[in-house]
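Enquirer: Take a look at final-v3.txt, compact mmCIF, C-alpha atoms:
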```
# COMPACT_ATOMS: atom_id res chain seq x y z
CA MET A 1 8.09 73.70 96.53
CA ALA A 2 10.56 71.36 98.21
CA VAL A 3 11.52 68.26 96.29
CA ARG A 4 12.12 65.09 98.28
CA MET A 5 15.45 63.45 97.40
CA ARG A 6 15.29 59.85 96.27
CA GLU A 7 17.00 57.39 98.62
CA ARG A 8 20.44 56.41 97.46
CA ARG A 9 20.71 52.67 96.90
CA ASP A 10 23.63 50.40 96.26
CA THR A 11 23.86 47.82 93.46
CA ALA A 12 21.87 45.29 95.52
CA GLY A 13 18.99 47.74 96.03
CA ARG A 14 19.81 48.38 99.68
CA VAL A 15 19.43 51.67 101.48
CA PRO A 16 22.58 52.00 103.64
CA GLY A 17 21.97 52.68 107.30
CA GLU A 18 18.39 51.41 107.69
CA GLY A 19 19.33 48.26 109.58
CA LEU A 20 17.03 45.29 110.14
CA ARG A 21 13.29 45.86 110.22
CA ALA A 22 10.47 43.33 110.60
CA ALA A 23 6.75 44.09 110.77
CA GLY A 24 3.50 42.14 111.03
CA VAL A 25 5.22 38.73 111.10
CA THR A 26 2.75 35.88 111.61
CA VAL A 27 3.66 32.20 111.82
CA ARG A 28 1.22 29.36 112.47
CA PHE A 29 1.84 25.68 113.14
CA GLY A 30 -1.50 24.10 112.39
CA GLN A 31 -3.99 25.71 114.75
CA VAL A 32 -1.25 27.22 116.92
CA THR A 33 -0.12 30.80 116.26
CA ALA A 34 3.55 30.95 117.28
CA VAL A 35 4.14 34.54 116.13
CA ASP A 36 1.20 36.91 115.88
CA GLY A 37 1.87 40.13 113.98
CA ALA A 38 5.21 40.72 115.67
CA GLY A 39 8.00 42.98 114.53
CA LEU A 40 11.10 44.82 115.59
CA THR A 41 13.48 47.54 114.46
CA ALA A 42 17.23 47.02 114.89
CA PRO A 43 19.14 50.08 113.66
CA PRO A 44 22.87 50.11 112.94
CA GLY A 45 25.01 51.10 115.89
CA ALA A 46 22.64 49.71 118.51
CA VAL A 47 21.90 46.52 120.43
CA THR A 48 18.21 45.69 120.21
CA GLY A 49 16.80 43.19 122.70
CA LEU A 50 14.15 40.56 122.01
CA LEU A 51 12.95 39.43 125.41
CA GLY A 52 10.40 36.86 126.49
CA PRO A 53 9.88 33.58 128.34
CA ASP A 54 10.15 30.14 126.76
CA GLY A 55 7.41 29.64 124.20
CA ALA A 56 6.97 33.35 123.51
CA GLY A 57 7.95 32.95 119.84
CA LYS A 58 11.44 34.44 119.96
CA THR A 59 13.28 31.68 118.10
CA THR A 60 10.50 31.34 115.54
CA LEU A 61 10.73 35.06 114.80
CA CYS A 62 14.51 34.70 114.45
CA ASP A 63 13.97 31.84 112.00
CA VAL A 64 11.85 34.19 109.89
CA LEU A 65 14.46 36.94 110.01
CA CYS A 66 17.16 34.55 108.79
CA GLY A 67 15.20 32.77 106.07
CA LEU A 68 14.75 29.45 107.87
CA ARG A 69 10.98 29.84 108.00
CA ARG A 70 8.56 31.70 105.75
CA PRO A 71 5.72 33.49 107.56
CA MET A 72 2.09 33.60 106.52
CA ASP A 73 2.28 37.37 106.62
CA GLY A 74 4.69 40.18 107.37
CA SER A 75 7.84 41.82 106.03
CA VAL A 76 11.57 41.63 106.76
CA LEU A 77 13.94 44.25 105.35
CA LEU A 78 17.69 44.67 105.69
CA ASP A 79 18.84 48.14 104.64
CA GLY A 80 15.62 48.40 102.65
CA ALA A 81 16.06 45.12 100.73
CA ASP A 82 13.33 42.50 101.11
CA LEU A 83 14.59 39.25 102.68
CA LEU A 84 11.37 37.22 102.65
CA GLY A 85 11.36 34.25 100.33
CA ARG A 86 15.14 34.09 100.17
CA SER A 87 17.12 31.07 101.28
CA PRO A 88 19.21 31.23 104.46
CA GLY A 89 22.32 31.32 102.29
CA GLU A 90 21.04 34.25 100.28
CA VAL A 91 20.00 36.07 103.46
CA ALA A 92 23.52 35.56 104.81
CA ARG A 93 25.06 36.82 101.58
CA ARG A 94 22.94 39.96 101.87
CA GLY A 95 24.46 40.71 105.25
CA LEU A 96 22.57 38.98 108.05
CA ALA A 97 24.35 36.49 110.32
CA ARG A 98 22.97 34.46 113.20
CA THR A 99 23.99 32.28 116.10
CA PHE A 100 21.69 29.65 117.62
CA GLN A 101 20.54 28.59 121.07
CA GLN A 102 22.44 25.35 120.58
CA PRO A 103 25.60 25.83 118.48
CA SER A 104 25.83 23.17 115.79
CA ARG A 105 28.87 20.93 115.99
CA PRO A 106 30.81 20.41 112.75
CA ARG A 107 30.17 17.10 111.02
CA GLY A 108 31.82 15.08 108.28
CA ARG A 109 34.97 16.61 106.87
CA SER A 110 34.25 19.87 108.63
CA ALA A 111 34.52 18.07 111.97
CA ARG A 112 38.25 17.56 111.39
CA ARG A 113 38.86 21.29 111.00
CA THR A 114 40.43 23.27 113.77
CA VAL A 115 38.60 26.17 115.34
CA ARG A 116 40.84 28.55 113.37
CA ASP A 117 40.19 26.71 110.10
CA THR A 118 36.43 26.83 110.68
CA VAL A 119 36.43 30.59 111.19
CA GLN A 120 38.88 31.14 108.33
CA ALA A 121 36.65 29.16 105.95
CA VAL A 122 33.82 31.63 106.57
CA ALA A 123 36.19 34.56 106.02
CA GLN A 124 37.32 33.00 102.74
CA GLN A 125 33.72 32.61 101.59
CA GLU A 126 33.09 36.26 102.37
CA VAL A 127 36.11 37.36 100.31
CA ALA A 128 35.09 35.09 97.44
CA ARG A 129 31.68 36.73 97.09
CA ARG A 130 32.76 40.29 97.90
CA GLU A 131 32.87 42.85 95.10
CA ILE A 132 36.51 43.79 94.58
CA ALA A 133 37.40 47.13 93.00
CA GLY A 134 40.30 47.27 90.55
CA ARG A 135 41.58 48.72 87.31
CA ASP A 136 40.87 45.56 85.32
CA ARG A 137 40.17 41.85 85.74
CA LEU A 138 43.79 40.99 86.47
CA ASP A 139 44.05 43.74 89.09
CA ARG A 140 40.84 42.57 90.75
CA ARG A 141 42.12 38.99 90.79
CA ARG A 142 45.33 40.08 92.49
CA ARG A 143 43.44 42.10 95.05
CA ARG A 144 41.13 39.17 95.80
CA SER A 145 44.12 36.85 96.22
CA ALA A 146 45.69 39.33 98.61
CA ALA A 147 42.46 39.50 100.63
CA LEU A 148 42.25 35.70 100.75
CA ALA A 149 45.81 35.55 102.06
CA LEU A 150 44.72 37.68 105.03
CA THR A 151 41.81 35.46 106.12
CA GLY A 152 44.01 33.48 108.51
CA GLU A 153 44.91 36.72 110.25
CA THR A 154 41.23 37.64 110.32
CA ALA A 155 40.39 34.36 112.05
CA ASP A 156 43.15 34.81 114.63
CA THR A 157 42.03 38.38 115.35
CA LEU A 158 38.44 37.28 115.94
CA LEU A 159 39.43 34.36 118.17
CA THR A 160 41.61 36.68 120.23
CA ARG A 161 38.84 39.24 120.48
CA LEU A 162 36.47 36.56 121.77
CA GLY A 163 39.02 35.24 124.25
CA ILE A 164 39.36 31.74 122.76
CA ALA A 165 42.65 32.04 120.88
CA GLY A 166 44.04 29.27 123.08
CA PHE A 167 41.68 26.83 121.36
CA ALA A 168 42.56 27.88 117.80
CA ASP A 169 44.39 24.63 117.00
CA ARG A 170 41.87 22.32 118.66
CA ARG A 171 39.42 20.37 116.55
CA ALA A 172 36.17 22.31 116.33
CA ASP A 173 34.11 19.26 117.34
CA ALA A 174 36.15 18.64 120.49
CA VAL A 175 36.10 21.96 122.33
CA PRO A 176 34.04 22.73 125.46
CA ALA A 177 30.49 23.96 124.93
CA GLU A 178 31.38 27.49 126.06
CA VAL A 179 34.18 27.66 123.47
CA ALA A 180 31.91 26.23 120.76
CA ARG A 181 29.39 29.00 121.43
CA LEU A 182 32.01 31.72 121.14
CA ALA A 183 33.56 30.07 118.07
CA GLU A 184 30.14 30.17 116.40
CA LEU A 185 30.03 33.90 117.08
CA ALA A 186 33.52 34.29 115.62
CA SER A 187 32.36 32.54 112.45
CA ALA A 188 29.33 34.81 112.24
CA LEU A 189 31.55 37.88 112.52
CA ALA A 190 33.95 36.48 109.91
CA ALA A 191 31.14 36.89 107.38
CA ARG A 192 31.32 40.66 107.96
CA PRO A 193 27.56 41.03 108.45
CA ARG A 194 25.67 44.30 108.71
CA ALA A 195 23.11 42.73 111.05
CA LEU A 196 23.71 40.04 113.66
CA VAL A 197 21.01 37.98 115.40
CA LEU A 198 22.18 36.26 118.59
CA ASP A 199 19.82 33.68 120.11
CA GLU A 200 20.66 33.51 123.84
CA PRO A 201 24.43 33.82 123.29
CA SER A 202 25.26 33.91 127.00
CA ALA A 203 23.61 30.54 127.74
CA GLY A 204 26.18 28.28 129.34
CA LEU A 205 28.79 31.01 129.70
CA GLY A 206 30.43 31.75 133.02
CA GLU A 207 30.08 35.12 134.70
CA ALA A 208 33.36 36.49 133.34
CA ALA A 209 32.65 35.33 129.79
CA SER A 210 29.13 36.77 129.94
CA ARG A 211 30.44 40.17 131.02
CA ALA A 212 33.11 40.10 128.33
CA LEU A 213 30.41 39.30 125.77
CA GLU A 214 28.37 42.32 126.87
CA VAL A 215 31.39 44.58 126.35
CA LEU A 216 32.04 43.01 122.94
CA LEU A 217 28.45 43.59 121.81
CA ARG A 218 28.62 47.23 122.81
CA ASP A 219 31.89 47.57 120.91
CA LEU A 220 30.45 45.89 117.81
CA ALA A 221 27.44 48.20 117.90
CA ALA A 222 29.75 51.20 118.20
CA GLU A 223 31.43 49.98 115.00
CA GLY A 224 28.08 50.24 113.18
CA LEU A 225 26.66 46.72 113.44
CA ALA A 226 22.92 46.22 113.95
CA ILE A 227 22.56 43.60 116.70
CA VAL A 228 19.48 41.68 117.84
CA LEU A 229 20.04 40.06 121.24
CA VAL A 230 17.53 37.37 122.17
CA GLU A 231 17.23 36.53 125.88
CA ARG A 232 14.78 35.15 128.42
CA ASP A 233 15.91 37.11 131.48
CA LEU A 234 15.66 40.86 131.86
CA GLU A 235 18.90 41.09 133.82
CA ARG A 236 20.87 39.81 130.82
CA VAL A 237 19.84 42.76 128.65
CA LEU A 238 19.80 45.66 131.10
CA GLY A 239 23.42 46.62 130.69
CA VAL A 240 23.79 46.06 126.97
CA CYS A 241 20.59 46.85 125.03
CA ASP A 242 19.48 50.26 123.81
CA THR A 243 15.90 49.14 123.17
CA VAL A 244 14.00 46.01 124.17
CA HIS A 245 11.02 44.38 122.45
CA VAL A 246 9.11 42.01 124.76
CA LEU A 247 7.27 39.03 123.27
CA ALA A 248 4.37 37.21 124.90
CA HIS A 249 2.35 34.55 123.10
CA GLY A 250 3.87 35.67 119.82
CA ARG A 251 2.97 39.35 120.23
CA VAL A 252 5.09 42.37 121.14
CA VAL A 253 3.58 43.53 124.43
CA ALA A 254 6.17 46.15 125.38
CA CYS A 255 8.93 48.12 123.68
CA GLY A 256 11.32 50.78 124.91
CA PRO A 257 14.54 51.41 126.81
CA PRO A 258 15.36 48.59 129.28
CA ALA A 259 15.10 50.94 132.25
CA GLU A 260 11.46 51.63 131.34
CA VAL A 261 10.46 48.18 130.09
CA ARG A 262 11.65 46.56 133.32
CA TYR A 263 8.64 48.03 135.15
CA ASP A 264 6.12 46.49 132.75
CA HIS A 265 3.84 44.07 134.63
CA PHE A 266 4.43 41.18 132.22
CA VAL A 267 8.21 41.67 132.24
CA GLN A 268 8.23 41.68 136.03
CA SER A 269 6.22 38.45 136.23
CA ALA A 270 7.80 36.46 133.40
CA CYS A 271 11.27 37.84 132.66
CA VAL A 272 12.76 38.58 136.07
CA PRO A 273 14.39 35.52 137.66
```
For the file at hand, write its structure as structure tokens.

Expert:
Amino acid sequence: MAVRMRERRDTAGRVPGEGLRAAGVTVRFGQVTAVDGAGLTAPPGAVTGLLGPDGAGKTTLCDVLCGLRRPMDGSVLLDGADLLGRSPGEVARRGLARTFQQPSRPRGRSARRTVRDTVQAVAQQEVARREIAGRDRLDRRRRRSAALALTGETADTLLTRLGIAGFADRRADAVPAEVARLAELASALAARPRALVLDEPSAGLGEAASRALEVLLRDLAAEGLAIVLVERDLERVLGVCDTVHVLAHGRVVACGPPAEVRYDHFVQSACVP
């Protein structure tokens, strides 16, 4: 009789390679059901679309995925580890990063940081919490110090990859909106996430920047990242997503490859400009 092997888990209880999975998520605001039993599967190495018109529940579902809102029902797993009930900071530490529809501008002391400093600060936080292998405590301390010394290079590499290296020395609160959006993505990547949720990342970007972003997302997926791309318009996901989940009134009404989903009646009426 065959014996089923137990899944191998890391020290945090995760099952490597499962990606981000949500099921049966329900969120109500009073008598209004914003998300009604919705879910999605975003495997590593793929770009998964979450498509729907304004008011469909996309951002609310993203809030649940990232720990900003607790649902009445449902489950959210990242590599097999349960994320529900955890704070946004804990969700981020477990490997899920997010960008927002409206990038937040730095405030207070953070507002005086340059774009490079802002991204580097996230990279430093990631190194500080990362498990470092070594022969003993002193060796691990040296290795961590060496990794911290490289975070400036990490920031510069990300800014170059996103095409905004020319703004590296500008104050983060004084750059154009398009640069602020891409800088937010650079900060998200500096955390070295395993899953990345992008809420309408191309909003406000010019044609060239939007196309460059599509290429970047495909490259990031090829490197093993699980990506959730949230958009309103079908045309914005056709060339980049492997699978699309379509939300309407908080429910998933269609799911499949973009080339097939585009012929769905609801998608044609609500998601094609």

Enquirer: Separation of atom CA of Gln101 of chain A and atom CA of Ala203 of chain A, in Å?

Expert: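 Separating atom CA of Gln101 of chain A from atom CA of Ala203 of chain A is a distance of 7.6 Å.
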
Enquirer: Looking at only C-alpha atoms, which of A:Ala23, A:Leu234, A:Ala149, A:Ala186 is the one that sits closest to Leu216 of chain A?

Expert: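 Ranking A:Ala23, A:Leu234, A:Ala149, A:Ala186 by distance to Leu216 of chain A, first place goes to A:Ala186.
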
Enquirer: Hey, which of A:Arg211, A:Arg93, A:Arg98, A:Arg28 ends up closest to Val197 of chain A? Count only C-alpha atoms.

Expert: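 Closest to Val197 of chain A of all the choices is A:Arg98.
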
Enquirer: Using all atoms listed in the file, collect all residues at a distance of at most 9 Å from (3.5, 32.5, 104.6) as written in the file, then present them as a count of residues only.

Expert: 9

Enquirer: For each of A:Ala183, A:Leu77, A:Cys66, A:Ala155, take the minimum atom-to-atom distance to Ser104 of chain A, counting all atoms listed in the file, then give the residue where this is smallest.

Expert: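 Closest residue, counting all atoms listed in the file: A:Ala183.
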
Enquirer: Could you tell me which of A:Arg171, A:Arg21, A:Arg262, A:Arg194 comes closest to Asp117 of chain A if we count all atoms listed in the file?

Expert: A:Arg171

Enquirer: Point out the residue among A:Phe167, A:Ser210, A:Cys255, A:Ala222 with the least atom-to-atom distance to Glu235 of chain A, counting all atoms listed in the file.

Expert: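 Among A:Phe167, A:Ser210, A:Cys255, A:Ala222, it is A:Ser210 that comes nearest to Glu235 of chain A.
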
Enquirer: Show me, as a list in words, the residues that have an atom within 12 Å of segment 134-148 of chain A when counting all atoms listed in the file, minus same-chain residues fewer than 3 positions from it.

Expert: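 That gives Gln120, Ala121, Val122, Ala123, Gln124, Gln125, Glu126, Val127, Ala128, Arg129, Arg130, Glu131, Thr151, Gly152, Glu153, Thr154 and Ala155 of chain A.
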
Enquirer: Name all residues at most 12 Å from Asp63 of chain A (count all atoms listed in the file; drop same-chain ones fewer than 4 positions away) and give them as a ChimeraX atom specification.

Expert: /A:25-27,34-35,57-59,67-71,76,83-84,87-88,91,96-101,197-199
